[in-house]
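*Asks:* Below is one structure. I have some questions about it.
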Amino acid sequence: MIIFGTRSKNIGSEQAEVTCGHCESNNSIWVYIYRSYFHIFWVPAFPLWRSSASQCSHCKQVLEEYQYNPELVKADKLARKNAKTPWWMWFWLLALLVLVIAISLTSIFTKM
Ligand SMILES: [Zn+2]
């Protein structure tokens, strides 16, 4: 039995210069960027799509992407630009690549 699926991880955040539409507090909204990845036995295989959500640090209101106003969309773009996908999200693919290289090197050297 192989256990696999998708999980997601926070890969970046940005403070938006926006007034909260709920509590009207200034510059209290943070935009968080998440990267989903495919996992096999909970070990990351390769990264998938990115998603984002914002939260007001004052009233804790959470907004999803489709609820963003134009200013939040701007902050979201900046946060996405600064958010880097960590290398370990490629773990299974990297391991596979190393294995393929090791096998081909072995076959080259055993033919000599
Ligand atoms: Zn608020």
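Identifiers in this document derive from the order of the structure tokens: chains are assigned A, B, ..., residues are numbered from 1 separately in each chain, and ligands are numbered from 1 in order of occurrence.
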Which neighbours of region 22-29 of chain A fall inside 8 Å, counting only C-alpha atoms, when residues of the same chain fewer than 5 positions from it are skipped, and could you give them as a list in words?

*Replies:*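 Everything that qualifies: Gln15, Ala16, Glu17, Ser54, Gln55, Cys56, Ser57, His58, Cys59 and Gln61 of chain A.
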
*Asks:* Would you mind listing what lies within 8 Å of Trp42 (chain A) as a list in words, with only C-alpha atoms counted and same-chain residues fewer than 3 positions away left out?

*Replies:*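 Listing them by chain and then by number gives Ile3, Phe4 and His39 of chain A.
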
*Asks:* With C-alpha atoms retained, write the just-selected residues as a JSON list (two decimals), in the first residue's frame.

*Replies:*
```json
[["chain", "number", "residue", "atom", "x", "y", "z"],
["A", 3, "ILE", "CA", 0.15, 6.40, 0.93],
["A", 4, "PHE", "CA", 0.14, 9.55, -1.16],
["A", 39, "HIS", "CA", 3.70, 13.56, -1.16]]
```

*Asks:* Of the residues A:Ile33, A:Ala45, A:Leu72, A:Ile2, which is the one nearest to Leu96 (chain A), using only C-alpha atoms?

*Replies:*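 Of all the options, A:Ala45 lies closest to Leu96 (chain A).
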
*Asks:* When DSSP works through the backbone of this structure, what residues of chain A end up as strand (DSSP E or B), shown as a ChimeraX atom specification?

*Replies:* /A:4-16,19,26,29-40,43-56,62-64

*Asks:* Can you tell me, as an MDAnalysis selection string, what residues are no more than 10 Å from Leu93 (chain A) when counting only C-alpha atoms, ignoring any on the same chain fewer than 4 positions away?

*Replies:* chainID A and resid 44:46 88:89 97:99

*Asks:* Write the residues of the selection above to a file with all heavy atoms, as a PDB file, in the first residue's frame.

*Replies:*
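This is the output file result-v4.pdb:
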```
ATOM      1  N   PRO A  44       7.764  14.826   0.607  1.00  0.00           N
ATOM      2  CA  PRO A  44       7.447  15.600  -0.595  1.00  0.00           C
ATOM      3  C   PRO A  44       8.022  14.978  -1.861  1.00  0.00           C
ATOM      4  O   PRO A  44       9.165  14.516  -1.870  1.00  0.00           O
ATOM      5  CB  PRO A  44       8.101  16.957  -0.324  1.00  0.00           C
ATOM      6  CG  PRO A  44       8.244  17.032   1.147  1.00  0.00           C
ATOM      7  CD  PRO A  44       8.462  15.628   1.624  1.00  0.00           C
ATOM      8  N   ALA A  45       7.233  14.955  -2.923  1.00  0.00           N
ATOM      9  CA  ALA A  45       7.683  14.407  -4.208  1.00  0.00           C
ATOM     10  C   ALA A  45       8.000  15.544  -5.165  1.00  0.00           C
ATOM     11  O   ALA A  45       9.089  15.631  -5.713  1.00  0.00           O
ATOM     12  CB  ALA A  45       6.626  13.497  -4.795  1.00  0.00           C
ATOM     13  N   PHE A  46       7.037  16.439  -5.379  1.00  0.00           N
ATOM     14  CA  PHE A  46       7.247  17.612  -6.229  1.00  0.00           C
ATOM     15  C   PHE A  46       6.191  18.659  -5.894  1.00  0.00           C
ATOM     16  O   PHE A  46       5.094  18.330  -5.452  1.00  0.00           O
ATOM     17  CB  PHE A  46       7.215  17.251  -7.717  1.00  0.00           C
ATOM     18  CG  PHE A  46       6.025  16.431  -8.131  1.00  0.00           C
ATOM     19  CD1 PHE A  46       4.825  17.051  -8.458  1.00  0.00           C
ATOM     20  CD2 PHE A  46       6.102  15.045  -8.168  1.00  0.00           C
ATOM     21  CE1 PHE A  46       3.719  16.296  -8.827  1.00  0.00           C
ATOM     22  CE2 PHE A  46       5.001  14.287  -8.541  1.00  0.00           C
ATOM     23  CZ  PHE A  46       3.803  14.920  -8.861  1.00  0.00           C
ATOM     24  N   TRP A  88      13.362  21.009  -0.748  1.00  0.00           N
ATOM     25  CA  TRP A  88      12.930  19.696  -0.256  1.00  0.00           C
ATOM     26  C   TRP A  88      11.563  19.290  -0.786  1.00  0.00           C
ATOM     27  O   TRP A  88      11.176  18.125  -0.682  1.00  0.00           O
ATOM     28  CB  TRP A  88      12.986  19.624   1.264  1.00  0.00           C
ATOM     29  CG  TRP A  88      12.246  20.727   1.981  1.00  0.00           C
ATOM     30  CD1 TRP A  88      12.792  21.825   2.573  1.00  0.00           C
ATOM     31  CD2 TRP A  88      10.829  20.830   2.191  1.00  0.00           C
ATOM     32  NE1 TRP A  88      11.813  22.605   3.110  1.00  0.00           N
ATOM     33  CE2 TRP A  88      10.600  22.026   2.904  1.00  0.00           C
ATOM     34  CE3 TRP A  88       9.727  20.024   1.845  1.00  0.00           C
ATOM     35  CZ2 TRP A  88       9.308  22.433   3.271  1.00  0.00           C
ATOM     36  CZ3 TRP A  88       8.454  20.443   2.206  1.00  0.00           C
ATOM     37  CH2 TRP A  88       8.260  21.635   2.914  1.00  0.00           C
ATOM     38  N   MET A  89      10.839  20.236  -1.416  1.00  0.00           N
ATOM     39  CA  MET A  89       9.560  19.852  -2.024  1.00  0.00           C
ATOM     40  C   MET A  89       9.766  18.987  -3.262  1.00  0.00           C
ATOM     41  O   MET A  89       8.846  18.394  -3.786  1.00  0.00           O
ATOM     42  CB  MET A  89       8.739  21.091  -2.367  1.00  0.00           C
ATOM     43  CG  MET A  89       8.031  21.641  -1.160  1.00  0.00           C
ATOM     44  SD  MET A  89       6.776  22.816  -1.602  1.00  0.00           S
ATOM     45  CE  MET A  89       6.298  23.372   0.042  1.00  0.00           C
ATOM     46  N   LEU A  97      16.363  11.048  -9.462  1.00  0.00           N
ATOM     47  CA  LEU A  97      17.424  11.516 -10.356  1.00  0.00           C
ATOM     48  C   LEU A  97      18.774  10.967  -9.912  1.00  0.00           C
ATOM     49  O   LEU A  97      19.553  10.449 -10.725  1.00  0.00           O
ATOM     50  CB  LEU A  97      17.437  13.063 -10.353  1.00  0.00           C
ATOM     51  CG  LEU A  97      18.355  13.731 -11.372  1.00  0.00           C
ATOM     52  CD1 LEU A  97      17.781  13.534 -12.776  1.00  0.00           C
ATOM     53  CD2 LEU A  97      18.474  15.214 -11.066  1.00  0.00           C
ATOM     54  N   VAL A  98      19.065  11.040  -8.613  1.00  0.00           N
ATOM     55  CA  VAL A  98      20.319  10.525  -8.065  1.00  0.00           C
ATOM     56  C   VAL A  98      20.417   9.025  -8.320  1.00  0.00           C
ATOM     57  O   VAL A  98      21.465   8.511  -8.729  1.00  0.00           O
ATOM     58  CB  VAL A  98      20.424  10.850  -6.542  1.00  0.00           C
ATOM     59  CG1 VAL A  98      21.575  10.082  -5.895  1.00  0.00           C
ATOM     60  CG2 VAL A  98      20.593  12.343  -6.343  1.00  0.00           C
ATOM     61  N   LEU A  99      19.311   8.323  -8.138  1.00  0.00           N
ATOM     62  CA  LEU A  99      19.269   6.875  -8.349  1.00  0.00           C
ATOM     63  C   LEU A  99      19.569   6.529  -9.814  1.00  0.00           C
ATOM     64  O   LEU A  99      20.380   5.648 -10.114  1.00  0.00           O
ATOM     65  CB  LEU A  99      17.894   6.336  -7.940  1.00  0.00           C
ATOM     66  CG  LEU A  99      17.770   4.824  -7.890  1.00  0.00           C
ATOM     67  CD1 LEU A  99      18.526   4.290  -6.676  1.00  0.00           C
ATOM     68  CD2 LEU A  99      16.305   4.410  -7.808  1.00  0.00           C
TER      69      LEU A  99
END
```

*Asks:* Could you pull the residues within 12 Å of Arg35 (chain A), counting only C-alpha atoms, minus those fewer than 3 positions along the same chain, as a PyMOL selection string?

*Replies:* chain A and resi 6-13+32+38+44+46-53+80+83-86+89

*Asks:* Provide the CA of Gly5 (chain A) to CA of Ala75 (chain A) distance in Å, to one decimal place.

*Replies:*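 One can read the CA of Gly5 (chain A) to CA of Ala75 (chain A) distance as 29.8 Å.
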
*Asks:* Between A:Thr19, A:Gln67, A:Ser36, A:Thr106, which has the minimum distance to ligand 1 (counting only C-alpha atoms and all ligand atoms)?

*Replies:*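 With only C-alpha atoms and all ligand atoms as the atom set, the closest residue is A:Thr19.
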
*Asks:* Could you tell me, as a list of chain:residue names, which residues of region 10-99 of chain A DSSP assigns to helix (DSSP H, G or I) when given the backbone?

*Replies:*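 After running DSSP on the backbone, region 10-99 of chain A has helix (DSSP H, G or I) at A:Glu65, A:Tyr66, A:Gln67, A:Pro70, A:Glu71, A:Leu72, A:Val73, A:Lys74, A:Ala75, A:Asp76, A:Lys77, A:Leu78, A:Ala79, A:Arg80, A:Lys81, A:Asn82, A:Trp87, A:Trp88, A:Met89, A:Trp90, A:Phe91, A:Trp92, A:Leu93, A:Leu94, A:Ala95, A:Leu96, A:Leu97, A:Val98, A:Leu99.
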
*Asks:* Nearest residue to Val18 (chain A) out of A:Glu71, A:Leu63, A:Val31, A:Met1, using only C-alpha atoms?

*Replies:*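 Checking each of A:Glu71, A:Leu63, A:Val31, A:Met1 against Val18 (chain A), counting only C-alpha atoms, the winner is A:Glu71.
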
*Asks:* Could you jot down the CA of Ala95 (chain A) to CA of Phe41 (chain A) separation for me, Å, one decimal place?

*Replies:*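 Going from CA of Ala95 (chain A) over to CA of Phe41 (chain A), I get 14.2 Å.
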